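Chemist: Here it is, the structure, as structure tokens.
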Amino acid sequence: MAPSLPLVPSLDLPVVLLSHRGPVSFGRDPVSGERTASRGAGGLVTALSGLAGHLERAVWVCVAAGQADGEVSAEAGDAPLRLALDGDPRILGEGDVADREVAVRLVDVPAEVHEPFYGVIANPLLWFVQHRLHDLKTSPSIGREERAAFEDGYVVANTLAADAVVAQVERAGGKAIVLLHDYHFYLVGRLVRERCPDAVINHFVHIPWPGPEAWQVLPPDMRERLLLGLLGCDVVAFHTRADARAFVLCAQELLDLPVDLSAMTVTTGGRTVHVRAYPISIDVAALEQQASTDASDEHLADLDERLAGGQLVLRVDRTDPSKNIVRGFTAYDLLLTEHPELHGRVLFLALLQPSRQDVPEYAQYLADIGAAAASVNARHGTGDWQPVDLRLASDMDLATAAYRRCDVLVVNAVADGMNLVAKEAVIVNERDMVLALSEATGAHDELGSFAVTLHPFDVAQQADALHAALTMSPVLRRDRREHAAQVVHRNDVRRWLTVQLNDLADLRHG
Ligand code: G6P
């Protein structure tokens with residue numbers, strides 16, 4: 001194995017990571033029946049995959065997602081698998097070496113547990129509470145089914161994950177840095193604390209954290225357990241100071257705990273819990289490499305030819321209701337109605353990855369997106385110009401080509417913990433694009449001064465802002481994009497993790 005980069009010189013403890021998705025997912029080739037391995041998807045997994053191979057003595061615990069993952073997990077037993085993270089993902093046997101590798105422990109969560117955990121509690125309920133997506137006239141409605149899903153799904157999955165984390169901490173002699181991630185595992189911190197008192201536990205919440213009123217849609221026993229689970233950690237971390245502050249206020253108002261809003265601490269059970277903000281970022285070098293492949297170049301040439309000098313408005317998202325895709329099309333529709341001079345000269349390319357289609361709200365949202373795009377095309381399209389090009393797929397080569405070519409990137413999310421698409425696009429864009437960025441994204445804290453700000457619910461304002469972006473002077477466009485790119489270069493994903501690990505090391509020694 002190549003020498004690890006000295007990410008954190010003072011770190012003398014092994015690291016145990018936990019996230020729902022892992023760096024690799026296994027399947028079976030439908031023809032040969034052979035086992036296949038592909039990289040895990042999503043910004044969080046991409047960020048952690050880029051870093052985990054550089055950490056010495058790290059074990060990444062994640063959920064075995066499908067049948068093939070389950071088989072691999074059963075074959076491996078309690079021992080972590082060694083996975084190569086350079087090139088195509090593969091399992092390393094004894095004596096095999098790779099430039100970068102990580103040990104992975106897959107946790108088998110039975111389907112009858114995973115379905116309510118993921119499909120009833122984590123995604124529709126917690127995701128919706130935290131992105132404030134409920135329509136309170138009718139939802140949420142927490143009946144016997146949801147309560148059973150919490151007890152028999154969320155609690156059980158969290159217990160299984162905690163067992164696996166504890167086993168890895170114990171293998172390391174009881175002392176480790178434990179990095180828990182996301183809304184799937186709010187109960188794990190406390191469970192690990194009870195059994196591993198010497199571990200330093202950090203939980204990173206990657207999605208927005210709303211204030212106490214938003215959490216009051218959950219019954220008191222449920223929200224208290226979630227909060228107390230997180231407060232089992234030494235540090236609870238968020239992307240923004242506003243989210244961190246909202247968490248402290250929840251501890252104060254919903255649990256009646258003593259808090260210090262200037263030190264950003266909560267006192268519970270004689271311990272001090274630190275609440276911090278670390279804005280996540282991207283692996284700039286890896287993205288630049290992805291944007292310089294032949295496949296990306298070919299897509300770029302196709303786009304150039306098709307646009308014939310016209311302007312490209314782009315969005316790249318999962319089909320998630322929090323992304324506000326339908327309102328984005330409504331705003332574009334209004335823009336075209338009010339500015340007929342743009343007809344034939346602008347294209348809105350929407351690269352959308354279908355997401356969580358087993359959750360009814362997501363399936364309905366995907367249908368709404370298709371209808372909204374079709375309606376813009378029907379209203380304004382002509383024989384040789386369709387104003388919206390909707391692509392439902394995940395294609396990184398096409399995405400990087402579109403990042404390079406776009407004139408405006410639209411991110412109008414209702415709420416978003418960070419939004420890494422905004423950071424990716426400003427790095428590889430070649431035309432001094434304008435970032436049209438929702439004020440409700442974490443990214444707006446860092447990049448808002450170099451963007452055209454969007455208000456997620458004001459479609460008239462979004463239409464005006466899109467027009468301002470499309471007509472901005474070249475000098476201003478260049479200045480803003482360059483400044484935005486500098487911000488991302490300065491705070492890349494490596495810095496994000498290094499600063500956290502240094503702070504955790506200080507906490508342990510302090
Ligand atoms: C968000 C979450 C991630 C998750 C991703 C994809 O970015 O913060 O934890 O991996 O969405 O969601 P999925 O449900 O497909 O894992």
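Going through the structure tokens in order, the chains are called A, B, and so on, while each chain numbers its residues from 1 and the ligands are numbered from 1 in the order shown.
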From the DSSP assignment of the backbone, select every residue of segment 186-228 of chain A that is alpha helix (DSSP H), and format the answer as an MDAnalysis selection string.
Modeler: chainID A and resid 188:195 212:215 220:228
Chemist: For Val434 of chain A, list every protein, DNA or RNA residue within 7 Å, evaluated using only C-alpha atoms, and leave out those in the same chain fewer than 2 positions away; present the list as an NGL selection string.
Modeler: :A and (407-409 or 432 or 436 or 451 or 469 or 477 or 481)
Chemist: Using only C-alpha atoms and all ligand atoms, what are the residues with an atom within 6 Å of ligand 1, set out as an mmCIF file with C-alpha atoms, in the first residue's frame?
Modeler:
data_model
loop_
_atom_site.group_PDB
_atom_site.id
_atom_site.type_symbol
_atom_site.label_atom_id
_atom_site.label_comp_id
_atom_site.auth_asym_id
_atom_site.auth_seq_id
_atom_site.Cartn_x
_atom_site.Cartn_y
_atom_site.Cartn_z
ATOM 1 C CA ARG A 21 -24.537 3.872 1.725
ATOM 2 C CA GLY A 42 -24.208 10.388 -3.728
ATOM 3 C CA GLY A 43 -22.141 13.373 -2.645
ATOM 4 C CA LEU A 44 -21.461 12.115 0.854
ATOM 5 C CA ASP A 182 -26.637 11.500 8.358
ATOM 6 C CA HIS A 206 -25.671 16.488 6.187
ATOM 7 C CA ILE A 207 -29.176 17.852 5.752
ATOM 8 C CA SER A 355 -34.372 8.865 -6.614
ATOM 9 C CA ARG A 356 -36.182 6.841 -3.917
#
Chemist: I'd like the interatomic distance between atom CA of Asp445 of chain A and atom CA of Thr240 of chain A, to a tenth of an Å.
Modeler: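 Separation between atom CA of Asp445 of chain A and atom CA of Thr240 of chain A: 7.6 Å.
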Chemist: List the neighbours of Met264 of chain A out to 12 Å using only C-alpha atoms; skip same-chain residues closer than 4 positions along the sequence, and give me the result as a tab-separated table (two decimals) with N, CA, C and O atoms, in the first residue's frame.
Modeler:
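Generated file (part_3.tsv):
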chain	number	residue	atom	x	y	z
A	235	VAL	N	-19.48	15.46	19.66
A	235	VAL	CA	-19.68	16.58	18.74
A	235	VAL	C	-20.85	16.24	17.82
A	235	VAL	O	-20.94	15.12	17.31
A	236	VAL	N	-21.74	17.21	17.63
A	236	VAL	CA	-22.76	17.09	16.59
A	236	VAL	C	-22.44	18.19	15.58
A	236	VAL	O	-22.32	19.37	15.96
A	237	ALA	N	-22.28	17.81	14.31
A	237	ALA	CA	-21.77	18.76	13.33
A	237	ALA	C	-22.74	18.94	12.17
A	237	ALA	O	-23.48	18.01	11.80
A	241	ARG	N	-23.70	27.35	10.32
A	241	ARG	CA	-23.86	27.82	11.71
A	241	ARG	C	-25.34	27.91	12.06
A	241	ARG	O	-25.74	27.69	13.19
A	242	ALA	N	-26.17	28.24	11.07
A	242	ALA	CA	-27.61	28.36	11.34
A	242	ALA	C	-28.19	27.00	11.75
A	242	ALA	O	-29.00	26.90	12.68
A	243	ASP	N	-27.77	25.94	11.06
A	243	ASP	CA	-28.24	24.61	11.42
A	243	ASP	C	-27.74	24.22	12.81
A	243	ASP	O	-28.48	23.65	13.63
A	244	ALA	N	-26.47	24.53	13.09
A	244	ALA	CA	-25.89	24.19	14.40
A	244	ALA	C	-26.66	24.91	15.51
A	244	ALA	O	-27.01	24.33	16.54
A	245	ARG	N	-26.96	26.16	15.26
A	245	ARG	CA	-27.67	26.96	16.26
A	245	ARG	C	-29.09	26.42	16.49
A	245	ARG	O	-29.57	26.34	17.62
A	246	ALA	N	-29.73	26.01	15.39
A	246	ALA	CA	-31.09	25.45	15.52
A	246	ALA	C	-31.06	24.17	16.35
A	246	ALA	O	-31.98	23.90	17.14
A	247	PHE	N	-29.99	23.39	16.22
A	247	PHE	CA	-29.89	22.17	17.02
A	247	PHE	C	-29.76	22.51	18.51
A	247	PHE	O	-30.42	21.91	19.36
A	248	VAL	N	-28.95	23.50	18.82
A	248	VAL	CA	-28.77	23.91	20.23
A	248	VAL	C	-30.13	24.38	20.78
A	248	VAL	O	-30.51	24.03	21.91
A	249	LEU	N	-30.86	25.13	19.98
A	249	LEU	CA	-32.18	25.62	20.43
A	249	LEU	C	-33.15	24.46	20.66
A	249	LEU	O	-33.97	24.49	21.57
A	251	ALA	N	-32.29	21.48	21.71
A	251	ALA	CA	-31.90	20.87	22.98
A	251	ALA	C	-32.45	21.69	24.14
A	251	ALA	O	-32.92	21.17	25.15
A	252	GLN	N	-32.42	23.01	23.96
A	252	GLN	CA	-32.90	23.89	25.02
A	252	GLN	C	-34.43	23.81	25.15
A	252	GLN	O	-34.96	23.64	26.25
A	258	PRO	N	-29.60	22.67	29.71
A	258	PRO	CA	-28.80	23.90	29.72
A	258	PRO	C	-27.91	23.99	28.48
A	258	PRO	O	-27.23	23.00	28.14
A	259	VAL	N	-27.93	25.14	27.82
A	259	VAL	CA	-27.11	25.30	26.62
A	259	VAL	C	-26.33	26.61	26.72
A	259	VAL	O	-26.70	27.49	27.49
A	260	ASP	N	-25.28	26.73	25.93
A	260	ASP	CA	-24.53	27.98	25.85
A	260	ASP	C	-24.44	28.33	24.36
A	260	ASP	O	-23.73	27.66	23.60
A	272	THR	N	-20.39	17.60	28.27
A	272	THR	CA	-20.58	18.75	27.38
A	272	THR	C	-20.56	18.25	25.95
A	272	THR	O	-19.63	17.57	25.53
A	273	VAL	N	-21.61	18.56	25.22
A	273	VAL	CA	-21.66	18.20	23.80
A	273	VAL	C	-21.39	19.46	22.99
A	273	VAL	O	-22.02	20.50	23.20
A	274	HIS	N	-20.43	19.38	22.08
A	274	HIS	CA	-20.07	20.52	21.24
A	274	HIS	C	-20.86	20.47	19.94
A	274	HIS	O	-20.99	19.40	19.33
A	275	VAL	N	-21.37	21.61	19.51
A	275	VAL	CA	-22.17	21.66	18.29
A	275	VAL	C	-21.42	22.58	17.31
A	275	VAL	O	-21.14	23.74	17.64
A	276	ARG	N	-21.07	22.05	16.16
A	276	ARG	CA	-20.14	22.77	15.29
A	276	ARG	C	-20.60	22.80	13.84
A	276	ARG	O	-21.46	22.03	13.44
A	277	ALA	N	-19.97	23.68	13.07
A	277	ALA	CA	-20.30	23.77	11.63
A	277	ALA	C	-19.02	23.61	10.81
A	277	ALA	O	-18.02	24.29	11.07
Chemist: Determine the nearest neighbour of His131 of chain A from the options A:Leu312, A:Ala214, A:Ile201, A:Val475, counting only C-alpha atoms.
Modeler: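 Nearest candidate to His131 of chain A out of A:Leu312, A:Ala214, A:Ile201, A:Val475: A:Ala214.
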Chemist: Pick out the closest residue to Val313 of chain A from this set: A:Thr265, A:Ala372, A:Ala295, A:His467. Count only C-alpha atoms.
Modeler: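 Using only C-alpha atoms, the shortest distance to Val313 of chain A belongs to A:His467.
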Chemist: For Ala47 of chain A, which residue out of A:Gly448, A:Gly442, A:Pro23, A:Gly270 is the nearest one, using only C-alpha atoms?
Modeler: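 With only C-alpha atoms as the atom set, the closest residue is A:Pro23.
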Chemist: For segment 49-57 of chain A, please output as a PyMOL selection string all residues within 7 Å (counting only C-alpha atoms; exclusion window: fewer than 6 positions along the same chain).
Modeler: chain A and resi 4-5+14-15+23+85+100-102+494
Chemist: Keeping only N, CA and C atoms, write the selected residues as an mmCIF file, in the first residue's frame.
Modeler:
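File produced: again_31.cif:
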data_model
loop_
_atom_site.group_PDB
_atom_site.id
_atom_site.type_symbol
_atom_site.label_atom_id
_atom_site.label_comp_id
_atom_site.auth_asym_id
_atom_site.auth_seq_id
_atom_site.Cartn_x
_atom_site.Cartn_y
_atom_site.Cartn_z
ATOM 1 N N SER A 4 0.166 6.548 3.341
ATOM 2 C CA SER A 4 -1.010 7.411 3.463
ATOM 3 C C SER A 4 -0.570 8.859 3.533
ATOM 4 N N LEU A 5 -1.373 9.750 2.973
ATOM 5 C CA LEU A 5 -1.051 11.171 3.087
ATOM 6 C C LEU A 5 -1.215 11.567 4.546
ATOM 7 N N PRO A 14 -7.512 4.827 15.604
ATOM 8 C CA PRO A 14 -8.211 4.371 14.399
ATOM 9 C C PRO A 14 -9.542 5.105 14.239
ATOM 10 N N VAL A 15 -10.052 5.101 13.012
ATOM 11 C CA VAL A 15 -11.306 5.793 12.723
ATOM 12 C C VAL A 15 -12.351 4.757 12.326
ATOM 13 N N PRO A 23 -18.951 2.715 0.058
ATOM 14 C CA PRO A 23 -18.166 3.084 -1.116
ATOM 15 C C PRO A 23 -18.387 2.160 -2.301
ATOM 16 N N LEU A 85 -9.813 1.169 -3.566
ATOM 17 C CA LEU A 85 -10.545 2.379 -3.973
ATOM 18 C C LEU A 85 -9.871 3.099 -5.137
ATOM 19 N N ARG A 100 -4.817 2.660 -2.968
ATOM 20 C CA ARG A 100 -5.678 3.169 -1.885
ATOM 21 C C ARG A 100 -6.678 2.081 -1.536
ATOM 22 N N GLU A 101 -6.807 1.808 -0.251
ATOM 23 C CA GLU A 101 -7.788 0.799 0.147
ATOM 24 C C GLU A 101 -8.475 1.225 1.430
ATOM 25 N N VAL A 102 -9.625 0.616 1.654
ATOM 26 C CA VAL A 102 -10.330 0.882 2.904
ATOM 27 C C VAL A 102 -10.968 -0.423 3.360
ATOM 28 N N ARG A 494 -10.836 17.745 1.468
ATOM 29 C CA ARG A 494 -9.777 17.291 2.363
ATOM 30 C C ARG A 494 -9.681 18.212 3.576
#
Chemist: Report the distance between atom CA of Gly344 of chain A and atom CA of Val388 of chain A in Å, rounded to one decimal place.
Modeler: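 Between these atoms lies a distance of 11.1 Å.
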Chemist: Name the residues in contact with Arg315 of chain A at a cut-off of 8 Å, using only C-alpha atoms, excluding same-chain residues fewer than 2 positions from it; report them as a list in words.
Modeler: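 Counting only the stated atoms, we get Val313, Asp317, Phe348, Leu349, Ala350, Leu351, Leu352, Leu409, Val410 and Val411 of chain A.
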Chemist: Please list as a list in words every residue within 10 Å of Pro197 of chain A, counting only C-alpha atoms and excluding residues in the same chain fewer than 5 positions away.
Modeler: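 After dropping sequence-adjacent residues, the list is Gly174, Lys175 and Val192 of chain A.
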Chemist: Name all residues at most 12 Å from Glu298 of chain A (count only C-alpha atoms; drop same-chain ones fewer than 3 positions away) and give them as a PDB file with all heavy atoms, in the first residue's frame.
Modeler:
ATOM      1  N   ALA A 291     -13.692  15.653 -15.494  1.00  0.00           N
ATOM      2  CA  ALA A 291     -14.163  16.593 -16.519  1.00  0.00           C
ATOM      3  C   ALA A 291     -13.209  16.673 -17.707  1.00  0.00           C
ATOM      4  O   ALA A 291     -13.424  17.465 -18.617  1.00  0.00           O
ATOM      5  CB  ALA A 291     -14.350  17.979 -15.904  1.00  0.00           C
ATOM      6  N   SER A 292     -12.146  15.865 -17.678  1.00  0.00           N
ATOM      7  CA  SER A 292     -11.224  15.954 -18.822  1.00  0.00           C
ATOM      8  C   SER A 292     -11.111  14.617 -19.548  1.00  0.00           C
ATOM      9  O   SER A 292     -10.140  14.368 -20.247  1.00  0.00           O
ATOM     10  CB  SER A 292      -9.853  16.447 -18.351  1.00  0.00           C
ATOM     11  OG  SER A 292      -9.358  15.560 -17.377  1.00  0.00           O
ATOM     12  N   THR A 293     -12.108  13.765 -19.394  1.00  0.00           N
ATOM     13  CA  THR A 293     -12.084  12.483 -20.107  1.00  0.00           C
ATOM     14  C   THR A 293     -12.539  12.685 -21.555  1.00  0.00           C
ATOM     15  O   THR A 293     -13.187  13.686 -21.892  1.00  0.00           O
ATOM     16  CB  THR A 293     -13.043  11.469 -19.446  1.00  0.00           C
ATOM     17  OG1 THR A 293     -14.356  12.027 -19.490  1.00  0.00           O
ATOM     18  CG2 THR A 293     -12.667  11.185 -18.003  1.00  0.00           C
ATOM     19  N   ASP A 294     -12.235  11.694 -22.390  1.00  0.00           N
ATOM     20  CA  ASP A 294     -12.697  11.759 -23.779  1.00  0.00           C
ATOM     21  C   ASP A 294     -14.224  11.812 -23.831  1.00  0.00           C
ATOM     22  O   ASP A 294     -14.815  12.524 -24.657  1.00  0.00           O
ATOM     23  CB  ASP A 294     -12.219  10.521 -24.558  1.00  0.00           C
ATOM     24  CG  ASP A 294     -10.709  10.551 -24.749  1.00  0.00           C
ATOM     25  OD1 ASP A 294     -10.113  11.623 -24.513  1.00  0.00           O
ATOM     26  OD2 ASP A 294     -10.133   9.501 -25.113  1.00  0.00           O
ATOM     27  N   ALA A 295     -14.858  11.051 -22.943  1.00  0.00           N
ATOM     28  CA  ALA A 295     -16.332  11.004 -22.964  1.00  0.00           C
ATOM     29  C   ALA A 295     -16.914  12.377 -22.649  1.00  0.00           C
ATOM     30  O   ALA A 295     -17.889  12.814 -23.278  1.00  0.00           O
ATOM     31  CB  ALA A 295     -16.831   9.964 -21.964  1.00  0.00           C
ATOM     32  N   ALA A 301     -18.661  18.559 -27.181  1.00  0.00           N
ATOM     33  CA  ALA A 301     -18.730  18.881 -28.616  1.00  0.00           C
ATOM     34  C   ALA A 301     -20.174  18.775 -29.107  1.00  0.00           C
ATOM     35  O   ALA A 301     -20.654  19.636 -29.861  1.00  0.00           O
ATOM     36  CB  ALA A 301     -17.806  17.940 -29.395  1.00  0.00           C
ATOM     37  N   ASP A 302     -20.896  17.730 -28.652  1.00  0.00           N
ATOM     38  CA  ASP A 302     -22.313  17.575 -29.049  1.00  0.00           C
ATOM     39  C   ASP A 302     -23.141  18.777 -28.590  1.00  0.00           C
ATOM     40  O   ASP A 302     -23.972  19.301 -29.322  1.00  0.00           O
ATOM     41  CB  ASP A 302     -22.923  16.321 -28.404  1.00  0.00           C
ATOM     42  CG  ASP A 302     -22.386  15.055 -29.053  1.00  0.00           C
ATOM     43  OD1 ASP A 302     -21.721  15.181 -30.101  1.00  0.00           O
ATOM     44  OD2 ASP A 302     -22.616  13.965 -28.485  1.00  0.00           O
ATOM     45  N   LEU A 303     -22.894  19.170 -27.326  1.00  0.00           N
ATOM     46  CA  LEU A 303     -23.672  20.296 -26.784  1.00  0.00           C
ATOM     47  C   LEU A 303     -23.393  21.570 -27.569  1.00  0.00           C
ATOM     48  O   LEU A 303     -24.317  22.320 -27.906  1.00  0.00           O
ATOM     49  CB  LEU A 303     -23.301  20.528 -25.311  1.00  0.00           C
ATOM     50  CG  LEU A 303     -24.002  19.677 -24.270  1.00  0.00           C
ATOM     51  CD1 LEU A 303     -23.375  19.907 -22.887  1.00  0.00           C
ATOM     52  CD2 LEU A 303     -25.498  20.016 -24.220  1.00  0.00           C
ATOM     53  N   ASP A 304     -22.113  21.818 -27.848  1.00  0.00           N
ATOM     54  CA  ASP A 304     -21.737  23.025 -28.596  1.00  0.00           C
ATOM     55  C   ASP A 304     -22.442  23.062 -29.937  1.00  0.00           C
ATOM     56  O   ASP A 304     -22.982  24.092 -30.353  1.00  0.00           O
ATOM     57  CB  ASP A 304     -20.214  23.041 -28.822  1.00  0.00           C
ATOM     58  CG  ASP A 304     -19.485  23.718 -27.682  1.00  0.00           C
ATOM     59  OD1 ASP A 304     -20.112  24.545 -26.999  1.00  0.00           O
ATOM     60  OD2 ASP A 304     -18.304  23.395 -27.464  1.00  0.00           O
ATOM     61  N   GLU A 305     -22.448  21.915 -30.596  1.00  0.00           N
ATOM     62  CA  GLU A 305     -23.048  21.856 -31.920  1.00  0.00           C
ATOM     63  C   GLU A 305     -24.549  22.135 -31.824  1.00  0.00           C
ATOM     64  O   GLU A 305     -25.120  22.910 -32.586  1.00  0.00           O
ATOM     65  CB  GLU A 305     -22.787  20.468 -32.518  1.00  0.00           C
ATOM     66  CG  GLU A 305     -23.136  20.395 -33.988  1.00  0.00           C
ATOM     67  CD  GLU A 305     -22.930  18.995 -34.526  1.00  0.00           C
ATOM     68  OE1 GLU A 305     -21.994  18.296 -34.062  1.00  0.00           O
ATOM     69  OE2 GLU A 305     -23.718  18.593 -35.404  1.00  0.00           O
ATOM     70  N   ASP A 397     -20.285  11.846 -17.128  1.00  0.00           N
ATOM     71  CA  ASP A 397     -19.580  12.439 -18.276  1.00  0.00           C
ATOM     72  C   ASP A 397     -20.420  13.562 -18.898  1.00  0.00           C
ATOM     73  O   ASP A 397     -19.906  14.628 -19.240  1.00  0.00           O
ATOM     74  CB  ASP A 397     -19.270  11.370 -19.330  1.00  0.00           C
ATOM     75  CG  ASP A 397     -18.279  10.355 -18.816  1.00  0.00           C
ATOM     76  OD1 ASP A 397     -17.327  10.765 -18.117  1.00  0.00           O
ATOM     77  OD2 ASP A 397     -18.458   9.155 -19.091  1.00  0.00           O
ATOM     78  N   LEU A 398     -21.719  13.292 -19.038  1.00  0.00           N
ATOM     79  CA  LEU A 398     -22.600  14.325 -19.573  1.00  0.00           C
ATOM     80  C   LEU A 398     -22.689  15.501 -18.594  1.00  0.00           C
ATOM     81  O   LEU A 398     -22.670  16.675 -18.993  1.00  0.00           O
ATOM     82  CB  LEU A 398     -23.993  13.736 -19.845  1.00  0.00           C
ATOM     83  CG  LEU A 398     -25.055  14.706 -20.348  1.00  0.00           C
ATOM     84  CD1 LEU A 398     -24.607  15.417 -21.621  1.00  0.00           C
ATOM     85  CD2 LEU A 398     -26.384  13.972 -20.594  1.00  0.00           C
ATOM     86  N   ALA A 399     -22.767  15.174 -17.295  1.00  0.00           N
ATOM     87  CA  ALA A 399     -22.872  16.248 -16.291  1.00  0.00           C
ATOM     88  C   ALA A 399     -21.637  17.145 -16.326  1.00  0.00           C
ATOM     89  O   ALA A 399     -21.759  18.376 -16.320  1.00  0.00           O
ATOM     90  CB  ALA A 399     -23.056  15.657 -14.895  1.00  0.00           C
ATOM     91  N   THR A 400     -20.442  16.562 -16.419  1.00  0.00           N
ATOM     92  CA  THR A 400     -19.243  17.417 -16.426  1.00  0.00           C
ATOM     93  C   THR A 400     -19.196  18.255 -17.709  1.00  0.00           C
ATOM     94  O   THR A 400     -18.806  19.422 -17.666  1.00  0.00           O
ATOM     95  CB  THR A 400     -17.934  16.608 -16.282  1.00  0.00           C
ATOM     96  OG1 THR A 400     -17.888  15.620 -17.297  1.00  0.00           O
ATOM     97  CG2 THR A 400     -17.813  15.976 -14.905  1.00  0.00           C
ATOM     98  N   ALA A 401     -19.621  17.660 -18.836  1.00  0.00           N
ATOM     99  CA  ALA A 401     -19.647  18.433 -20.090  1.00  0.00           C
ATOM    100  C   ALA A 401     -20.618  19.605 -19.949  1.00  0.00           C
ATOM    101  O   ALA A 401     -20.329  20.738 -20.375  1.00  0.00           O
ATOM    102  CB  ALA A 401     -20.052  17.530 -21.249  1.00  0.00           C
ATOM    103  N   ALA A 402     -21.766  19.346 -19.345  1.00  0.00           N
ATOM    104  CA  ALA A 402     -22.770  20.405 -19.187  1.00  0.00           C
ATOM    105  C   ALA A 402     -22.286  21.460 -18.191  1.00  0.00           C
ATOM    106  O   ALA A 402     -22.519  22.662 -18.397  1.00  0.00           O
ATOM    107  CB  ALA A 402     -24.096  19.798 -18.744  1.00  0.00           C
TER     108      ALA A 402
END
Chemist: What is the atom CA of Cys250 of chain A-atom CA of Pro212 of chain A distance in Å, reported with one decimal?
Modeler: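 For atom CA of Cys250 of chain A relative to atom CA of Pro212 of chain A, the distance reads 4.9 Å.
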Chemist: Of the candidates A:Ser473, A:Gly95, A:Asp234, A:Ala465, which shows the shortest atom-to-atom distance to Asp506 of chain A, using only C-alpha atoms?
Modeler: A:Asp234
Chemist: Could you give me, as a VMD selection string, each residue of segment 77-300 of chain A that DSSP assigns to strand (DSSP E or B) when run on this structure's backbone?
Modeler: chain A and resid 81 to 84 90 to 91 101 to 108 177 to 181 200 to 204 235 to 238 259 to 260 265 to 268 271 to 277
Chemist: For a quick check of understanding, using only C-alpha atoms, which of A:Leu83, A:Leu187, A:Met433, A:Val61 has the smallest distance to Glu151 of chain A?
Modeler: A:Leu187
Chemist: Hey, which of A:His181, A:Arg327, A:His489, A:Arg171 ends up closest to His20 of chain A? Count only C-alpha atoms.
Modeler: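 The closest residue to His20 of chain A is A:His181.
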